[in-house]
>>> print(open('final.txt').read())   # compact mmCIF, C-alpha atoms
# COMPACT_ATOMS: atom_id res chain seq x y z
CA MET A 1 66.67 -152.59 171.91
CA LEU A 2 69.13 -149.75 171.50
CA ILE A 3 67.36 -148.57 168.36
CA GLY A 4 63.99 -148.76 170.13
CA LEU A 5 65.34 -146.81 173.08
CA VAL A 6 66.72 -144.07 170.79
CA ALA A 7 63.42 -143.89 168.87
CA GLY A 8 61.49 -143.55 172.11
CA LEU A 9 63.71 -140.71 173.32
CA VAL A 10 63.34 -138.90 169.99
CA GLY A 11 59.56 -139.32 170.11
CA LEU A 12 59.47 -137.99 173.67
CA ALA A 13 61.58 -134.97 172.69
CA LEU A 14 59.34 -134.22 169.72
CA GLY A 15 56.24 -134.53 171.83
CA THR A 16 57.65 -132.23 174.49
CA PHE A 17 58.66 -129.71 171.82
CA GLY A 18 55.19 -129.81 170.28
CA VAL A 19 53.51 -129.17 173.65
CA LEU A 20 55.84 -126.26 174.38
CA ALA A 21 55.25 -124.78 170.89
CA TYR A 22 51.49 -125.06 171.39
CA ARG A 23 51.68 -123.29 174.75
CA VAL A 24 53.87 -120.51 173.29
CA SER A 25 51.44 -120.08 170.40
CA GLU A 26 48.49 -119.81 172.77
CA LYS A 27 50.34 -117.31 174.89
CA GLN A 28 51.16 -115.15 171.84
CA ARG A 29 47.58 -115.33 170.66
CA ARG A 30 46.35 -114.16 174.05
CA LEU A 31 48.87 -111.32 173.96
CA LEU A 32 47.68 -110.32 170.50
CA ASP A 33 44.09 -110.35 171.71
CA VAL A 34 45.07 -108.09 174.58
CA ASP A 35 46.94 -105.78 172.18
CA ALA A 36 43.92 -105.63 169.89
CA GLU A 37 41.76 -104.63 172.83
CA GLU A 38 44.31 -102.04 173.89
CA LEU A 39 44.44 -100.60 170.34
CA ALA A 40 40.74 -99.79 170.40
CA LEU A 41 40.08 -96.07 169.92
CA PRO A 42 38.17 -94.05 172.49
CA PRO A 43 34.36 -94.38 172.21
CA GLY A 44 32.97 -92.37 169.29
CA ALA A 45 36.40 -91.46 167.89
CA ALA A 46 36.09 -93.75 164.87
CA GLU A 47 32.67 -92.33 163.96
CA VAL A 48 33.92 -88.74 164.20
CA LEU A 49 37.02 -89.48 162.11
CA ALA A 50 34.87 -91.08 159.41
CA VAL A 51 33.05 -87.78 158.78
CA VAL A 52 35.77 -85.25 159.57
CA GLY A 53 36.50 -84.60 155.88
CA ARG A 54 40.29 -84.53 156.23
CA ALA A 55 43.07 -87.03 155.91
CA PHE A 56 43.86 -88.45 159.33
CA VAL A 57 46.41 -90.71 160.97
CA VAL A 58 46.20 -92.17 164.48
CA VAL A 59 49.49 -93.35 166.01
CA ASP A 60 50.25 -95.14 169.24
CA ALA A 61 52.90 -94.56 171.88
CA VAL A 62 55.72 -95.76 169.59
CA ASP A 63 54.42 -93.92 166.47
CA GLY A 64 52.96 -97.05 164.94
CA VAL A 65 49.96 -96.36 162.72
CA VAL A 66 46.79 -97.60 164.41
CA ARG A 67 44.38 -96.21 161.82
CA ALA A 68 44.68 -94.01 158.74
CA SER A 69 42.30 -92.74 156.10
CA PRO A 70 42.68 -93.54 152.39
CA ALA A 71 43.54 -89.88 151.77
CA ALA A 72 46.53 -90.19 154.13
CA TYR A 73 47.89 -92.98 151.94
CA ALA A 74 47.07 -91.02 148.78
CA TYR A 75 48.97 -87.99 150.08
CA GLY A 76 51.97 -90.20 150.84
CA LEU A 77 51.86 -89.52 154.59
CA VAL A 78 51.65 -93.19 155.51
CA ARG A 79 53.17 -96.31 153.99
CA GLY A 80 52.01 -99.61 155.46
CA HIS A 81 51.92 -99.07 159.24
CA THR A 82 54.61 -96.39 159.26
CA VAL A 83 54.47 -92.60 159.20
CA VAL A 84 56.74 -91.63 156.31
CA HIS A 85 57.92 -88.09 157.07
CA GLU A 86 60.19 -87.04 159.90
CA GLU A 87 58.37 -83.70 160.16
CA LEU A 88 55.20 -85.53 161.21
CA LEU A 89 57.08 -87.65 163.74
CA ASP A 90 58.60 -84.48 165.20
CA MET A 91 55.08 -83.12 165.69
CA THR A 92 53.88 -86.28 167.43
CA ALA A 93 56.95 -86.19 169.68
CA GLY A 94 56.22 -82.59 170.59
CA VAL A 95 52.58 -83.33 171.40
CA ARG A 96 53.57 -86.37 173.46
CA ARG A 97 56.21 -84.38 175.36
CA ASP A 98 54.30 -81.13 176.01
CA GLY A 99 50.69 -82.26 175.82
CA VAL A 100 49.74 -79.30 173.61
CA ILE A 101 48.13 -79.09 170.19
CA LEU A 102 50.54 -78.31 167.37
CA GLU A 103 49.66 -76.97 163.92
CA LYS A 104 52.05 -76.44 161.02
CA GLN A 105 52.01 -76.04 157.25
CA LEU A 106 54.47 -78.45 155.69
CA GLU A 107 55.73 -79.00 152.15
CA LEU A 108 56.36 -82.72 151.85
CA PRO A 109 57.52 -85.01 149.02
CA ARG A 110 54.52 -86.65 147.39
CA GLY A 111 56.31 -89.95 146.84
CA PRO A 112 59.66 -91.70 147.12
CA LEU A 113 60.56 -90.77 143.52
CA GLY A 114 60.44 -87.57 141.52
CA GLN A 115 60.28 -83.92 142.54
CA GLY A 116 56.55 -83.67 143.22
CA THR A 117 55.53 -82.09 146.51
CA ILE A 118 52.33 -81.59 148.45
CA ILE A 119 51.58 -78.71 150.81
CA VAL A 120 49.50 -79.80 153.82
CA GLN A 121 48.20 -78.04 156.89
CA VAL A 122 48.78 -80.56 159.71
CA ARG A 123 47.21 -80.46 163.19
CA ALA A 124 48.49 -82.86 165.86
CA ALA A 125 46.65 -83.48 169.15
CA MET A 126 46.21 -86.12 171.85
CA LEU A 127 43.42 -88.64 171.30
CA GLY A 128 42.57 -90.26 174.60
CA GLU A 129 45.45 -91.03 176.90
CA GLU A 130 47.80 -92.93 174.63
CA TYR A 131 47.10 -92.02 171.01
CA ILE A 132 47.96 -89.01 168.88
CA LEU A 133 45.80 -87.81 166.02
CA LEU A 134 47.24 -86.13 162.91
CA LEU A 135 44.77 -84.21 160.74
CA ALA A 136 46.04 -83.14 157.31
CA ASP A 137 44.37 -80.72 154.87
CA ASP A 138 45.71 -80.48 151.31
CA ARG A 139 46.45 -76.80 150.59
CA THR A 140 48.62 -77.28 147.53
CA GLU A 141 46.31 -75.57 145.05
CA ILE A 142 45.37 -72.76 147.44
CA THR A 143 49.01 -72.01 148.23
CA ARG A 144 50.07 -72.07 144.60
CA THR A 145 47.16 -69.83 143.64
CA GLU A 146 48.27 -67.33 146.29
CA GLU A 147 51.81 -67.48 144.95
CA ILE A 148 50.58 -66.85 141.41
CA ARG A 149 48.51 -63.91 142.61
CA ASN A 150 51.44 -62.42 144.50
CA ASP A 151 53.72 -62.89 141.49
CA PHE A 152 51.10 -61.27 139.28
CA VAL A 153 50.85 -58.22 141.54
CA ALA A 154 54.64 -57.94 141.67
CA ASN A 155 54.93 -58.24 137.89
CA VAL A 156 52.18 -55.69 137.29
CA SER A 157 53.88 -53.24 139.64
CA HIS A 158 57.17 -53.71 137.83
CA GLU A 159 55.65 -53.39 134.36
CA LEU A 160 53.68 -50.28 135.26
CA LYS A 161 56.68 -48.66 136.89
CA THR A 162 58.69 -48.63 133.65
CA PRO A 163 56.35 -46.54 131.42
CA VAL A 164 55.26 -44.33 134.33
CA GLY A 165 58.89 -43.58 135.18
CA ALA A 166 59.69 -42.94 131.51
CA ILE A 167 56.80 -40.50 131.17
CA SER A 168 57.91 -38.66 134.32
CA LEU A 169 61.48 -38.28 133.02
CA LEU A 170 60.29 -37.19 129.60
CA ALA A 171 58.01 -34.59 131.18
CA GLU A 172 60.97 -33.15 133.10
CA ALA A 173 63.07 -33.10 129.93
CA LEU A 174 60.24 -31.45 128.04
CA GLU A 175 59.91 -28.75 130.69
CA SER A 176 63.63 -28.00 130.66
CA SER A 177 63.70 -27.82 126.83
CA ALA A 178 60.71 -25.55 126.33
CA ASP A 179 62.68 -23.22 124.02
CA ASP A 180 64.01 -26.03 121.79
CA GLU A 181 61.30 -26.88 119.29
CA LEU A 182 63.07 -30.01 117.97
CA ALA A 183 63.62 -31.36 121.49
CA VAL A 184 60.00 -30.66 122.39
CA ARG A 185 58.80 -32.61 119.38
CA ARG A 186 61.16 -35.51 120.09
CA PHE A 187 60.21 -35.75 123.76
CA ALA A 188 56.51 -35.38 122.98
CA LYS A 189 56.76 -38.25 120.50
CA ARG A 190 58.43 -40.45 123.10
CA MET A 191 55.79 -39.51 125.67
CA HIS A 192 53.07 -40.44 123.21
CA LYS A 193 54.69 -43.85 122.67
CA GLU A 194 55.12 -44.55 126.39
CA SER A 195 51.57 -43.46 127.18
CA GLY A 196 50.27 -45.77 124.46
CA ARG A 197 52.26 -48.62 125.93
CA LEU A 198 50.91 -47.83 129.40
CA ALA A 199 47.34 -47.73 128.10
CA ALA A 200 47.80 -51.08 126.33
CA LEU A 201 49.22 -52.67 129.49
CA VAL A 202 46.37 -51.39 131.67
CA GLN A 203 43.82 -52.59 129.13
CA ASP A 204 45.37 -56.06 129.02
CA ILE A 205 45.41 -56.29 132.81
CA ILE A 206 41.74 -55.29 132.94
CA GLU A 207 40.93 -57.80 130.20
CA LEU A 208 42.77 -60.62 131.96
CA SER A 209 41.04 -59.85 135.27
CA ARG A 210 37.66 -59.85 133.54
CA LEU A 211 38.42 -63.17 131.87
CA GLN A 212 39.22 -64.86 135.17
CA GLY A 213 35.78 -63.97 136.51
CA ALA A 214 33.81 -64.58 133.31
CA SER A 215 31.25 -67.38 133.15
CA VAL A 216 30.90 -68.48 129.55
CA ALA A 217 28.57 -71.33 130.55
CA GLN A 218 26.01 -68.87 131.97
CA GLU A 219 26.44 -65.90 129.61
CA GLY A 220 27.43 -67.59 126.35
CA ARG A 221 25.46 -67.95 123.15
CA PRO A 222 25.97 -69.50 119.69
CA VAL A 223 28.84 -67.75 117.92
CA ASP A 224 29.67 -67.83 114.20
CA ILE A 225 33.43 -68.35 113.90
CA ASN A 226 33.48 -66.77 110.43
CA ALA A 227 32.17 -63.53 111.94
CA VAL A 228 34.80 -63.75 114.70
CA ILE A 229 37.59 -64.10 112.14
CA ALA A 230 36.24 -61.25 110.01
CA GLU A 231 36.06 -58.85 112.96
CA ALA A 232 39.48 -59.84 114.34
CA VAL A 233 41.11 -59.36 110.94
CA ASP A 234 39.38 -56.01 110.49
CA ARG A 235 40.71 -54.76 113.83
CA SER A 236 44.25 -55.89 112.96
CA GLN A 237 44.52 -54.22 109.56
CA LEU A 238 46.09 -50.96 110.76
CA PRO A 239 49.22 -52.55 112.32
CA ALA A 240 49.44 -54.87 109.30
CA GLU A 241 49.32 -51.95 106.85
CA SER A 242 52.02 -50.12 108.78
CA LYS A 243 54.42 -53.00 107.95
CA ASN A 244 52.94 -53.78 104.53
CA ILE A 245 51.87 -57.22 105.77
CA THR A 246 49.01 -58.98 104.01
CA ILE A 247 46.48 -60.92 106.13
CA VAL A 248 44.97 -63.83 104.22
CA VAL A 249 42.22 -66.19 105.34
CA GLY A 250 41.69 -69.71 104.08
CA GLY A 251 38.78 -72.02 104.79
CA ARG A 252 35.36 -71.57 106.24
CA THR A 253 33.19 -73.39 108.77
CA GLU A 254 29.43 -73.67 108.95
CA GLY A 255 29.52 -74.86 112.53
CA LYS A 256 29.12 -72.62 115.55
CA VAL A 257 30.65 -72.62 118.99
CA PHE A 258 29.00 -71.73 122.28
CA GLY A 259 30.64 -68.81 123.99
CA ASP A 260 31.27 -65.06 124.14
CA GLN A 261 31.93 -63.50 120.73
CA ASP A 262 33.78 -60.48 122.14
CA LEU A 263 36.19 -62.71 124.08
CA LEU A 264 36.81 -64.90 121.05
CA VAL A 265 37.50 -61.83 118.91
CA THR A 266 39.93 -60.59 121.55
CA ALA A 267 41.77 -63.92 121.61
CA LEU A 268 42.06 -64.21 117.84
CA ARG A 269 43.03 -60.54 117.50
CA ASN A 270 45.87 -61.16 119.98
CA LEU A 271 47.14 -64.07 117.89
CA ILE A 272 46.96 -62.05 114.68
CA ASP A 273 48.64 -58.98 116.17
CA ASN A 274 51.30 -61.20 117.70
CA ALA A 275 51.99 -62.68 114.25
CA ILE A 276 52.13 -59.19 112.70
CA ARG A 277 54.43 -57.87 115.40
CA TYR A 278 57.06 -60.59 114.95
CA SER A 279 56.85 -61.00 111.17
CA PRO A 280 59.21 -59.06 108.89
CA ALA A 281 57.78 -56.26 106.77
CA ASN A 282 56.39 -57.10 103.32
CA THR A 283 55.39 -60.63 104.33
CA ARG A 284 52.13 -62.45 104.96
CA VAL A 285 50.14 -63.66 107.95
CA GLY A 286 47.91 -66.64 107.22
CA ILE A 287 44.71 -67.63 109.00
CA GLY A 288 43.18 -71.07 108.42
CA VAL A 289 39.91 -72.45 109.77
CA ARG A 290 38.37 -75.90 109.60
CA SER A 291 35.92 -78.16 111.43
CA ARG A 292 36.91 -81.72 112.21
CA GLU A 293 35.74 -84.35 114.70
CA GLY A 294 33.58 -81.90 116.63
CA LEU A 295 36.29 -79.23 116.94
CA VAL A 296 36.67 -75.88 115.20
CA SER A 297 40.35 -75.06 114.66
CA ILE A 298 41.67 -71.60 113.83
CA SER A 299 45.36 -71.43 112.97
CA VAL A 300 47.43 -68.25 112.70
CA THR A 301 50.78 -68.60 110.92
CA ASP A 302 53.53 -65.99 110.76
CA GLN A 303 56.85 -65.77 108.93
CA GLY A 304 58.90 -64.70 111.91
CA GLU A 305 62.07 -66.11 113.39
CA GLY A 306 60.37 -68.96 115.24
CA LEU A 307 60.76 -70.01 118.86
CA SER A 308 63.17 -72.31 120.65
CA ALA A 309 61.93 -75.30 122.63
CA GLU A 310 62.56 -73.46 125.92
CA ASP A 311 60.57 -70.43 124.80
CA GLN A 312 57.70 -72.60 123.60
CA GLU A 313 57.28 -74.03 127.11
CA ARG A 314 56.93 -70.57 128.69
CA VAL A 315 55.39 -68.42 125.97
CA PHE A 316 51.88 -68.58 127.52
CA GLU A 317 53.08 -67.35 130.93
CA ARG A 318 52.03 -63.88 132.06
CA PHE A 319 54.55 -61.16 131.25
CA TYR A 320 56.92 -63.65 129.61
CA ARG A 321 58.74 -62.20 126.62
CA VAL A 322 61.00 -64.10 124.26
CA ASP A 323 63.05 -60.95 123.71
CA SER A 324 62.23 -58.31 126.32
CA ALA A 325 64.04 -55.50 124.52
CA ARG A 326 62.33 -56.27 121.23
CA SER A 327 58.93 -56.69 122.87
CA ARG A 328 59.17 -53.28 124.49
CA HIS A 329 60.25 -51.80 121.16
CA THR A 330 57.25 -53.32 119.38
CA GLY A 331 54.83 -52.47 122.20
CA GLY A 332 54.20 -55.98 123.54
CA THR A 333 53.04 -56.33 127.14
CA GLY A 334 53.61 -60.06 127.59
CA LEU A 335 49.93 -60.67 128.43
CA GLY A 336 48.43 -61.34 125.00
CA LEU A 337 49.06 -65.08 124.83
CA SER A 338 48.03 -65.49 128.45
CA ILE A 339 44.70 -63.87 127.53
CA VAL A 340 44.35 -66.28 124.60
CA LYS A 341 44.98 -69.23 126.93
CA HIS A 342 42.32 -68.05 129.39
CA VAL A 343 39.75 -67.48 126.64
CA ALA A 344 40.36 -70.96 125.24
CA SER A 345 40.08 -72.51 128.70
CA ASN A 346 36.85 -70.65 129.47
CA HIS A 347 35.34 -72.00 126.26
CA GLY A 348 36.40 -75.59 126.93
CA GLY A 349 39.13 -75.46 124.30
CA GLU A 350 42.88 -75.09 124.05
CA VAL A 351 45.59 -73.15 122.25
CA THR A 352 48.64 -74.96 120.93
CA LEU A 353 51.88 -73.89 119.31
CA TRP A 354 54.09 -75.26 116.55
CA SER A 355 57.32 -73.45 115.92
CA GLN A 356 60.88 -73.99 114.75
CA PRO A 357 63.70 -71.46 114.66
CA GLY A 358 63.90 -69.93 111.20
CA GLN A 359 60.56 -71.38 110.06
CA GLY A 360 58.02 -69.17 111.80
CA SER A 361 55.27 -70.14 114.23
CA THR A 362 51.70 -71.40 114.06
CA PHE A 363 49.26 -70.88 116.93
CA THR A 364 46.10 -72.99 116.78
CA LEU A 365 42.96 -72.19 118.76
CA ARG A 366 40.69 -75.27 119.11
CA LEU A 367 37.11 -74.92 120.35
CA PRO A 368 34.34 -77.52 120.76
CA GLU A 369 31.70 -77.21 118.07
CA MET A 370 28.07 -76.90 119.10
CA GLU A 371 26.01 -79.98 118.43
CA GLY A 372 22.85 -79.82 116.31
CA ASN A 373 24.06 -77.09 113.91
CA ASP A 374 22.53 -77.53 110.50
CA GLY A 375 24.40 -74.61 108.97
CA ASP A 376 21.22 -73.26 107.31
CA GLU A 377 21.02 -70.05 109.29
CA GLU A 378 21.83 -66.87 107.42
CA LEU A 379 25.25 -65.55 108.34
CA PRO A 380 25.64 -61.94 109.49
CA PRO A 381 27.16 -59.53 106.96
CA ALA A 382 30.53 -59.50 108.79
CA ALA A 383 30.98 -63.20 108.10
CA ALA A 384 30.75 -62.87 104.34
CA PRO A 385 34.29 -62.25 103.08
CA ALA A 386 34.85 -60.19 100.00
CA PRO A 387 36.70 -61.85 97.13
CA GLY A 388 40.38 -61.10 96.88
CA ARG A 389 43.68 -62.38 95.51
CA ALA A 390 46.19 -64.38 97.51
CA GLY A 391 48.46 -67.36 97.21
CA GLN A 392 48.98 -66.99 93.47
CA GLY A 393 52.26 -68.38 92.27
CA THR A 394 53.49 -69.20 95.77
CA GLY A 395 52.47 -72.82 96.06
CA GLN A 396 50.22 -71.88 98.99
CA PRO A 397 46.61 -73.05 99.32
CA THR A 398 44.01 -70.74 97.85
CA VAL A 399 42.99 -68.16 100.45
CA THR A 400 40.70 -65.16 100.59
CA GLN A 401 41.79 -61.77 101.85
CA ILE A 402 39.29 -59.96 104.05
CA PRO A 403 39.60 -56.20 103.47
CA ARG A 404 39.44 -53.69 106.28
CA ALA A 405 36.06 -52.14 106.79
CA ALA A 406 35.75 -48.45 105.98
CA GLY A 407 36.68 -46.20 108.86
CA ALA A 408 38.13 -48.94 111.07
CA LYS A 409 40.76 -47.37 113.33
CA GLU A 410 40.95 -49.61 116.42
CA ARG A 411 44.38 -50.89 117.31
CA GLY A 412 45.00 -54.55 118.00
CA ALA A 413 45.54 -55.92 121.47
CA SER A 414 49.03 -56.38 122.82
CA ALA A 415 50.57 -59.81 122.62
>>> encode(input="final.txt", output="structure tokens")
Amino acid sequence: MLIGLVAGLVGLALGTFGVLAYRVSEKQRRLLDVDAEELALPPGAAEVLAVVGRAFVVVDAVDGVVRASPAAYAYGLVRGHTVVHEELLDMTAGVRRDGVILEKQLELPRGPLGQGTIIVQVRAAMLGEEYILLLADDRTEITRTEEIRNDFVANVSHELKTPVGAISLLAEALESSADDELAVRRFAKRMHKESGRLAALVQDIIELSRLQGASVAQEGRPVDINAVIAEAVDRSQLPAESKNITIVVGGRTEGKVFGDQDLLVTALRNLIDNAIRYSPANTRVGIGVRSREGLVSISVTDQGEGLSAEDQERVFERFYRVDSARSRHTGGTGLGLSIVKHVASNHGGEVTLWSQPGQGSTFTLRLPEMEGNDGDEELPPAAAPAPGRAGQGTGQPTVTQIPRAAGAKERGASA
């Protein structure tokens, strides 16, 4: 009887507990239903947010995320049902406190790891009586483009100031030394050098500006790479001869690329002149060309000092010089490789660099080859290289030297 009594009491307790748990569950469910109804957005708000075209986040009175767009998660503004950044919570608190619309541009971490950031223009405003809407517009690329433009203007101003100031000082010195014939000659020679440097810098700036607005897709045509190489080598012969450097060309391609021949000549001429400028006298600059897997590759190899790993990462930046003093002495403007990079990009290609200190450097320009070339078209006269001697007794591949055309006097572009 005692055991039966105990079992009955336990059964009664369990039954009572089950009834109470059921009632609590029902009560919570009803509360959740009420909360779901309360979380409904104002009429038409959901439809407007769906077509607004920006990342958005809607938060409630305690900054819980009621609704957020996929872009808000992609930008890292929201994680789960929580607004990630304190800057956004400060904006919602300000809107809730003052009832005014706030707008700020914020630079926020893109994720919990790494150094990546995103720049967003955020607008916070009341939505109905109890919600706050955050609209975010990604302005990362626009802001960085503006920074690049401002840096470019600042760099141009600085680079132009140096030769202009030098010419002004030399003119004053020339005026004060009018009776000294040797001084006049020396100052005039310096003025000629500085004016040439100024002209080269202005020309490179104009060329770079023109490249950024060029549309190869609309204005391009089939281009014979052999003709491009021949013309670029021809234009680079004068600086090569001044240092007794031999330019040799190896290989040939029957394929064509679609693009602007003048721009391609400019890019290759910059690579060749860059190799000449940083190679010792009485050496050789090699140019190799080949077609492989739908790409035409043009490589320019020098026998210079080579580049460190740090310099290789920055060598394509505007106005970057590995050795500023040496670059100014040789006439470099720091824009040549940047021009090459833009030309390659505009033609759907790339320019790459291999270099090691003490072993020289090789720049390779890769361009997509046009499809459907049968190679049967007659090449223009400039593409037919004259026979020459190179690579004998050096262990180098057989190459052909392209001689300078008669009367060619154009100087190469700055690199």
>>> residues_around(input="final.txt", residues="stretch 165-174 of chain A", least_positions_apart="6", cutoff="12 Å", atoms="only C-alpha atoms", output="PyMOL selection string")
chain A and resi 157-159+180-198
>>> atom_distance(input="final.txt", atom1="atom CA of A:Val289", atom2="atom CA of A:Gly251")
5.1 Å
>>> atom_distance(input="final.txt", atom1="atom CA of A:Ile229", atom2="atom CA of A:Ser338")
19.4 Å
>>> atom_distance(input="final.txt", atom1="atom CA of A:Glu310", atom2="atom CA of A:Lys341")
18.1 Å
>>> closest_residue(input="final.txt", among="A:Thr246, A:Ser345, A:Thr253, A:Thr82", to="A:Val296", atoms="all atoms listed in the file")
A:Thr253
>>> closest_residue(input="final.txt", among="A:Glu369, A:Ala7, A:Leu12, A:Leu133", to="A:Ala46", atoms="all atoms listed in the file")
A:Leu133
>>> residues_around(input="final.txt", residues="A:Val58", least_positions_apart="5", cutoff="7 Å", atoms="all atoms listed in the file", output="list of chain:residue names")
A:Val65, A:Val66, A:Arg67, A:Ala68, A:Tyr131, A:Ile132, A:Leu133, A:Leu134
>>> closest_residue(input="final.txt", among="A:Leu201, A:Ala344, A:Leu271, A:Ile3", to="A:Thr362", atoms="only C-alpha atoms")
A:Leu271
>>> closest_residue(input="final.txt", among="A:Leu127, A:Ile339, A:Ala13, A:Leu2", to="A:Gly99", atoms="all atoms listed in the file")
A:Leu127
>>> closest_residue(input="final.txt", among="A:Val84, A:Val257, A:Leu108, A:Ile119", to="A:Gly294", atoms="only C-alpha atoms")
A:Val257
>>> residues_around(input="final.txt", residues="A:Arg221", least_positions_apart="3", cutoff="7 Å", atoms="all atoms listed in the file", output="MDAnalysis selection string")
chainID A and resid 258:260
>>> residues_around(input="final.txt", residues="A:Ala309", least_positions_apart="3", cutoff="9 Å", atoms="only C-alpha atoms", output="PyMOL selection string")
chain A and resi 312-313+355-356
>>> closest_residue(input="final.txt", among="A:Val340, A:Gly360, A:Thr145, A:Ala275", to="A:Gly304", atoms="only C-alpha atoms")
A:Gly360
